[in-house]
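The file start-v4.cif comes next; it holds mmCIF, C-alpha atoms and all ligand atoms.
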data_model
#
loop_
_atom_site.label_atom_id
_atom_site.label_comp_id
_atom_site.auth_asym_id
_atom_site.auth_seq_id
_atom_site.Cartn_x
_atom_site.Cartn_y
_atom_site.Cartn_z
CA MET A 1 115.37 37.95 66.33
CA SER A 2 113.64 37.49 63.02
CA ASN A 3 113.06 40.25 60.53
CA LEU A 4 109.33 39.91 60.08
CA GLU A 5 107.24 41.87 57.61
CA VAL A 6 103.47 41.97 57.72
CA ARG A 7 102.35 41.69 54.09
CA LYS A 8 98.74 42.12 53.09
CA PHE A 9 97.31 41.14 49.72
CA ASP A 10 93.86 41.36 48.26
CA TRP A 11 92.99 37.68 47.82
CA ASP A 12 89.88 36.62 45.94
CA PHE A 13 88.66 33.02 45.73
CA GLU A 14 85.20 33.54 44.33
CA GLY A 15 83.86 30.41 42.63
CA ILE A 16 86.96 28.35 43.39
CA PRO A 17 86.31 24.60 43.06
CA PHE A 18 86.64 22.41 46.16
CA ILE A 19 89.16 20.37 44.17
CA TRP A 20 91.30 23.32 43.17
CA ASN A 21 94.03 21.06 41.75
CA PRO A 22 92.41 18.32 39.62
CA GLU A 23 95.73 16.44 39.48
CA GLN A 24 95.96 16.34 43.27
CA PRO A 25 92.50 15.70 44.75
CA ARG A 26 93.64 14.41 48.16
CA PHE A 27 96.21 17.20 48.51
CA SER A 28 93.49 19.69 47.53
CA THR A 29 91.33 18.37 50.37
CA LEU A 30 94.21 18.54 52.85
CA MET A 31 94.82 22.18 51.98
CA ASN A 32 91.08 22.84 52.38
CA GLN A 33 91.30 21.21 55.82
CA ILE A 34 94.19 23.53 56.64
CA THR A 35 92.07 26.51 55.57
CA PHE A 36 89.18 25.59 57.86
CA VAL A 37 91.25 24.63 60.93
CA ILE A 38 93.97 27.25 60.68
CA ILE A 39 91.66 30.27 60.86
CA SER A 40 90.85 29.71 64.52
CA PHE A 41 94.33 28.32 65.24
CA GLU A 42 96.01 31.48 63.99
CA ARG A 43 93.53 33.79 65.67
CA TYR A 44 94.24 31.92 68.91
CA ILE A 45 97.99 32.42 68.39
CA SER A 46 97.43 36.15 67.68
CA LYS A 47 95.42 36.54 70.89
CA ALA A 48 98.04 34.62 72.88
CA MET A 49 100.76 36.93 71.52
CA ARG A 50 98.77 39.97 72.57
CA GLN A 51 98.36 38.51 76.06
CA ALA A 52 102.07 37.70 76.20
CA GLU A 53 103.18 41.27 75.41
CA SER A 54 102.48 42.52 78.95
CA ARG A 55 104.72 39.75 80.33
CA ILE A 56 107.68 40.53 78.04
CA THR A 57 110.25 43.06 79.20
CA ASN A 58 112.76 42.67 76.36
CA GLU A 59 111.71 45.17 73.68
CA GLU A 60 113.01 43.07 70.79
CA VAL A 61 111.06 40.02 71.94
CA LYS A 62 107.99 42.19 72.41
CA ARG A 63 108.35 43.39 68.83
CA GLU A 64 108.76 39.79 67.64
CA ALA A 65 105.56 38.77 69.46
CA ARG A 66 103.66 41.70 67.94
CA LEU A 67 104.77 41.11 64.34
CA PHE A 68 104.37 37.33 64.64
CA GLY A 69 100.83 37.75 65.96
CA GLN A 70 100.06 40.21 63.16
CA GLN A 71 101.36 37.86 60.46
CA GLU A 72 99.16 35.08 61.81
CA GLY A 73 96.16 37.42 61.90
CA VAL A 74 96.69 38.31 58.22
CA HIS A 75 97.02 34.60 57.33
CA ALA A 76 93.74 33.84 59.12
CA SER A 77 91.96 36.58 57.12
CA ALA A 78 93.27 35.19 53.81
CA HIS A 79 92.10 31.66 54.69
CA MET A 80 88.75 33.09 55.80
CA LYS A 81 88.24 34.42 52.27
CA HIS A 82 88.91 30.93 50.92
CA ALA A 83 86.58 29.35 53.50
CA ARG A 84 83.83 31.87 52.65
CA ALA A 85 84.09 30.98 48.95
CA LEU A 86 83.67 27.28 49.77
CA ILE A 87 80.84 27.94 52.25
CA ALA A 88 79.00 29.92 49.55
CA ARG A 89 78.90 26.69 47.54
CA TYR A 90 78.50 24.28 50.45
CA PRO A 91 76.78 26.10 53.36
CA GLY A 92 77.11 23.10 55.70
CA LEU A 93 80.84 23.76 55.90
CA GLN A 94 80.13 26.66 58.25
CA THR A 95 79.84 24.01 61.00
CA ILE A 96 83.59 23.34 60.72
CA LEU A 97 84.43 26.98 61.36
CA ASP A 98 82.01 27.06 64.28
CA GLU A 99 83.44 23.94 65.89
CA CYS A 100 87.04 25.09 65.47
CA ASN A 101 86.20 28.51 66.91
CA GLU A 102 84.44 26.98 69.91
CA SER A 103 87.35 24.67 70.53
CA TYR A 104 90.02 27.39 70.43
CA ASP A 105 87.88 29.86 72.38
CA ALA A 106 87.45 27.24 75.12
CA GLN A 107 91.19 26.58 75.13
CA LEU A 108 91.94 30.31 75.38
CA GLU A 109 89.51 30.59 78.27
CA ASN A 110 90.40 27.45 80.20
CA GLU A 111 94.17 27.18 79.80
CA SER A 112 96.98 29.43 81.02
CA LEU A 113 99.11 31.80 78.95
CA GLU A 114 101.98 29.33 79.51
CA TYR A 115 99.88 26.66 77.80
CA HIS A 116 99.00 28.92 74.86
CA LEU A 117 102.66 29.80 74.31
CA ALA A 118 103.76 26.16 74.59
CA TYR A 119 101.05 25.23 72.09
CA ALA A 120 102.27 27.89 69.65
CA ALA A 121 105.93 26.86 70.05
CA SER A 122 105.25 23.13 69.61
CA MET A 123 103.01 23.51 66.58
CA GLU A 124 105.05 26.18 64.83
CA ALA A 125 108.20 24.03 65.19
CA ILE A 126 106.44 21.27 63.25
CA PHE A 127 105.63 23.63 60.39
CA THR A 128 109.20 24.23 59.16
CA PRO A 129 110.00 20.61 58.13
CA PHE A 130 106.42 20.08 56.94
CA PHE A 131 106.13 23.22 54.80
CA LYS A 132 109.70 22.82 53.51
CA MET A 133 108.65 19.47 52.00
CA ILE A 134 105.61 21.13 50.40
CA LEU A 135 107.56 24.13 49.07
CA ASP A 136 110.36 21.89 47.72
CA HIS A 137 107.74 19.90 45.76
CA ARG A 138 105.58 22.81 44.62
CA GLU A 139 105.83 21.70 41.00
CA ILE A 140 104.09 18.40 41.84
CA LEU A 141 101.61 19.86 44.32
CA PHE A 142 100.70 23.28 42.91
CA ALA A 143 101.61 23.55 39.21
CA ASP A 144 98.19 22.29 38.04
CA GLY A 145 96.28 24.13 40.77
CA ASP A 146 94.19 27.30 40.70
CA GLU A 147 96.76 30.09 40.83
CA ARG A 148 94.82 32.06 43.43
CA LEU A 149 94.96 29.36 46.08
CA SER A 150 98.35 27.96 45.02
CA SER A 151 99.86 31.44 45.35
CA MET A 152 98.13 32.16 48.65
CA LEU A 153 99.37 28.90 50.18
CA LEU A 154 102.93 29.46 48.93
CA TRP A 155 102.91 32.97 50.46
CA HIS A 156 101.56 31.62 53.74
CA PHE A 157 104.05 28.76 53.94
CA CYS A 158 106.96 31.09 53.11
CA GLU A 159 105.92 33.37 55.98
CA GLU A 160 105.68 30.32 58.24
CA ILE A 161 109.34 29.67 57.35
CA GLU A 162 110.10 33.33 58.01
CA HIS A 163 108.61 33.35 61.52
CA ARG A 164 109.67 29.77 62.36
CA SER A 165 111.52 30.85 65.54
CA SER A 166 109.08 33.49 66.79
CA ALA A 167 106.86 31.28 68.95
CA LEU A 168 109.86 29.66 70.62
CA ILE A 169 111.53 33.04 71.25
CA VAL A 170 108.36 34.25 73.00
CA TYR A 171 107.93 30.96 74.90
CA ASP A 172 111.53 31.02 76.11
CA GLU A 173 111.18 34.62 77.29
CA VAL A 174 107.88 34.13 79.17
CA VAL A 175 107.96 30.46 80.25
CA GLY A 176 111.32 28.94 79.37
CA SER A 177 110.77 25.37 80.58
CA TYR A 178 111.33 22.72 77.92
CA TRP A 179 109.72 20.08 80.13
CA TYR A 180 106.46 21.98 80.47
CA ARG A 181 106.25 22.15 76.69
CA PHE A 182 107.24 18.50 76.29
CA ARG A 183 104.71 17.30 78.89
CA ASN A 184 101.89 19.05 77.09
CA ALA A 185 102.92 18.35 73.50
CA LYS A 186 100.90 15.14 73.20
CA PRO A 187 97.50 16.59 74.17
CA MET A 188 98.27 19.58 71.95
CA ARG A 189 98.92 17.40 68.92
CA LYS A 190 95.82 15.38 69.78
CA HIS A 191 93.76 18.57 69.81
CA VAL A 192 94.88 19.58 66.32
CA ARG A 193 94.46 16.05 64.98
CA ALA A 194 90.88 15.87 66.28
CA LEU A 195 90.00 19.09 64.43
CA PHE A 196 91.54 17.79 61.20
CA ASP A 197 89.64 14.51 61.58
CA MET A 198 86.40 16.40 62.22
CA SER A 199 86.96 18.64 59.20
CA ILE A 200 87.32 15.77 56.72
CA GLU A 201 84.20 14.07 58.11
CA ARG A 202 82.25 17.30 57.58
CA PHE A 203 83.63 17.56 54.05
CA LYS A 204 82.40 14.04 53.29
CA GLU A 205 79.01 15.00 54.64
CA HIS A 206 78.60 18.36 52.91
CA VAL A 207 80.73 18.02 49.75
CA PRO A 208 79.62 14.79 48.07
CA ASP A 209 80.20 15.91 44.45
CA VAL A 210 83.93 15.14 44.34
CA PRO A 211 85.81 11.96 43.36
CA HIS A 212 86.35 9.55 46.25
CA GLU A 213 90.13 10.01 45.86
CA ALA A 214 89.63 13.43 47.45
CA TYR A 215 89.01 11.73 50.79
CA GLU A 216 91.21 8.67 50.62
CA GLY A 217 94.90 7.88 50.62
CA ASN A 218 98.07 9.82 51.18
CA PRO A 219 98.00 13.52 50.15
CA PHE A 220 101.74 13.26 49.44
CA ALA A 221 101.64 10.03 47.41
CA SER A 222 103.30 11.83 44.44
CA VAL A 223 106.11 13.30 46.51
CA PRO A 224 109.28 11.14 46.48
CA ARG A 225 109.42 8.93 49.57
CA PRO A 226 112.82 10.15 50.89
CA ALA A 227 111.40 13.70 51.09
CA THR A 228 108.31 12.64 53.05
CA LEU A 229 110.51 10.56 55.39
CA ARG A 230 112.86 13.52 55.91
CA SER A 231 109.87 15.69 56.71
CA ALA A 232 108.50 13.11 59.18
CA PHE A 233 111.89 12.87 60.87
CA GLY A 234 112.13 16.68 61.00
CA ILE A 235 108.70 16.85 62.65
CA PHE A 236 109.81 14.29 65.27
CA ALA A 237 113.09 16.15 65.87
CA SER A 238 111.25 19.48 66.17
CA GLN A 239 109.79 18.36 69.50
CA MET A 240 113.15 17.46 71.09
CA PRO A 241 115.05 19.53 73.69
CA LEU A 242 117.58 22.00 72.28
CA HIS A 243 115.78 21.99 68.94
CA ASP A 244 116.04 25.47 67.44
CA PRO A 245 114.02 26.19 64.28
CA THR A 246 116.49 28.97 63.42
CA HIS A 247 119.01 26.37 62.23
CA GLN A 248 116.65 24.19 60.24
CA PRO A 249 117.30 23.43 56.57
CA LEU A 250 115.24 25.95 54.62
CA PRO A 251 113.48 25.68 51.27
CA ALA A 252 115.29 27.52 48.48
CA TYR A 253 111.89 28.81 47.36
CA TYR A 254 111.69 31.20 50.32
CA ASP A 255 114.47 33.39 48.86
CA GLU A 256 112.92 33.17 45.39
CA TRP A 257 109.52 34.23 46.77
CA ILE A 258 111.01 37.16 48.69
CA GLY A 259 112.99 38.24 45.61
CA ARG A 260 109.91 38.23 43.37
CA TRP A 261 107.84 40.04 46.01
CA ARG A 262 110.55 42.70 46.40
CA GLY A 263 110.65 42.98 42.62
CA GLY A 264 107.00 44.05 42.69
CA GLU A 265 105.49 40.99 40.96
CA ASP A 266 101.86 40.14 41.64
CA VAL A 267 102.10 37.70 44.54
CA ARG A 268 98.55 36.52 43.86
CA LYS A 269 99.63 35.01 40.56
CA PHE A 270 102.97 33.47 41.49
CA TYR A 271 102.08 29.88 40.77
CA GLY A 272 99.57 27.57 39.11
CA GLN A 273 96.90 27.81 36.41
CA PRO A 274 94.51 30.67 35.61
CA ALA A 275 91.57 30.95 38.02
CA MET A 276 89.22 27.96 37.86
CA HIS A 277 85.50 28.17 38.42
CA ALA A 278 83.35 25.35 39.69
CA ALA A 279 80.02 24.33 38.21
CA LYS A 280 76.79 25.09 40.06
CA PRO A 281 76.79 24.31 43.78
CA GLN A 282 75.47 21.04 45.16
CA GLU A 283 74.76 20.49 48.82
CA ALA A 284 74.14 17.09 50.40
FE FE A 301 100.32 31.40 59.53
FE FE A 302 102.86 30.38 62.02
#
How would this structure read if it were set down as structure tokens?
Amino acid sequence: MSNLEVRKFDWDFEGIPFIWNPEQPRFSTLMNQITFVIISFERYISKAMRQAESRITNEEVKREARLFGQQEGVHASAHMKHARALIARYPGLQTILDECNESYDAQLENESLEYHLAYAASMEAIFTPFFKMILDHREILFADGDERLSSMLLWHFCEEIEHRSSALIVYDEVVGSYWYRFRNAKPMRKHVRALFDMSIERFKEHVPDVPHEAYEGNPFASVPRPATLRSAFGIFASQMPLHDPTHQPLPAYYDEWIGRWRGGEDVRKFYGQPAMHAAKPQEA
């Protein structure tokens, strides 16, 4: 079992620019997409974990499900603060939250608990190789960014590393079939991709006052190619039978983050540049 801690911090993103890292406009947009999509994703996972508890007899697994669901709930609240700050400047962005909520609510309603748990296990397995690549290259991706969002994302991604096995532990306890998960993995990935595609289209519509680079090209163009290839291979491997996130290569930054948090440092200012404030709002 993992040793999960539910950590709550008082995040504040008031006035944060849409491009919160001027050196990385496309990466900034990708992280904004994550903010808007992940709120309903993580709430869905939290609800699925609550539903799963009554089907779990092993007390340790039950505890894992509870803490995992709570961590995701806290992440969703932090991203909601970021989304609210952007919606205050660009009110049309509310439509992204609404569409994501509708989509996950429908999935919660129409699919089985087995499906929800398979969805959580498949997606969460992808996160370890993906977020490891981001955390390993934090200097490139976050050093010039607003410290509030850079620090929030680093906290979130470290906790994703921390609970990397939780969804699979719960899935194996309640469902257990690899083939059920494998059969459904493609539509699950398609679902997430559609929400990401929708979110960037809405950004283009409602946030016109940013350089076109914010919407074009590879968000990881500045990350060395071998690292992005390793991440892509890790994502592919994460969907294979016998894959266990517990034994994945981990980013060294996780231990550094935990050490600084235990040392009582202000987690909200771990990384990046002093808070940035955007000019007056413009809506399309
Ligand atoms: Fe999360
Ligand atoms: Fe997660």
Hey, which bits of chain A sit within 6 Å of ligand FE 301 (chain A), and for each residue what's the closest pair of atoms and how far apart in Å (one decimal), counting only C-alpha atoms and all ligand atoms, rows by chain and increasing number, as JSON lines?
{"residue": "A:Glu72", "atom": "CA", "partner": "A:FE301", "partner_atom": "FE", "distance": 4.5}
{"residue": "A:His75", "atom": "CA", "partner": "A:FE301", "partner_atom": "FE", "distance": 5.1}
{"residue": "A:His156", "atom": "CA", "partner": "A:FE301", "partner_atom": "FE", "distance": 5.9}
{"residue": "A:Glu160", "atom": "CA", "partner": "A:FE301", "partner_atom": "FE", "distance": 5.6}
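Note that the spacing between atom CA of A:Ser54 and atom CA of A:Phe127 amounts to 26.7 Å.
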Neighbour list for stretch 242-249 of chain A as an MDAnalysis selection string, cut-off 6 Å, all atoms listed in the file, skip fewer than 3 positions in-chain: chainID A and resid 164:165 238
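Taking atom CA of A:Gln33 as the reference point, atom CA of A:Glu256 is found at 26.8 Å.
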What does the distance between atom CA of A:Ala83 and atom CA of A:Leu153 come to in Å, to one decimal place? 13.2 Å
Could you list, as a PyMOL selection string, all the residues within 12 Å of ligand FE 302 (chain A), counting only C-alpha atoms and all ligand atoms? chain A and resi 4+38-39+41-46+49+65+67-76+119-128+131+155-168
Restricting the calculation to all atoms listed in the file, which member of A:Ser40, A:Pro226, A:Arg181, A:Arg202 is positioned closest to A:Glu102? A:Ser40
Residues near A:Tyr115, cut-off 10 Å, only C-alpha atoms, skip fewer than 6 positions along chain, as JSON, numbers by chain: {"A": [48, 107, 108, 121, 171, 175, 180, 181, 184, 185, 188]}
If we count all atoms listed in the file and set the cut-off at 12 Å, which residues sit around A:Ala221, ignoring sequence neighbours fewer than 6 positions away in its own chain? Please answer as a PDB file with C-alpha atoms, keeping the file's coordinate frame.
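After the write, selection.pdb holds the following:
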ATOM      1  CA  GLU A  23      95.730  16.440  39.480  1.00  0.00           C
ATOM      2  CA  GLN A  24      95.960  16.340  43.270  1.00  0.00           C
ATOM      3  CA  PRO A  25      92.500  15.700  44.750  1.00  0.00           C
ATOM      4  CA  ARG A  26      93.640  14.410  48.160  1.00  0.00           C
ATOM      5  CA  PHE A  27      96.210  17.200  48.510  1.00  0.00           C
ATOM      6  CA  HIS A 137     107.740  19.900  45.760  1.00  0.00           C
ATOM      7  CA  ILE A 140     104.090  18.400  41.840  1.00  0.00           C
ATOM      8  CA  LEU A 141     101.610  19.860  44.320  1.00  0.00           C
ATOM      9  CA  GLU A 213      90.130  10.010  45.860  1.00  0.00           C
ATOM     10  CA  ALA A 227     111.400  13.700  51.090  1.00  0.00           C
ATOM     11  CA  THR A 228     108.310  12.640  53.050  1.00  0.00           C
ATOM     12  CA  LEU A 229     110.510  10.560  55.390  1.00  0.00           C
TER      13      LEU A 229
END
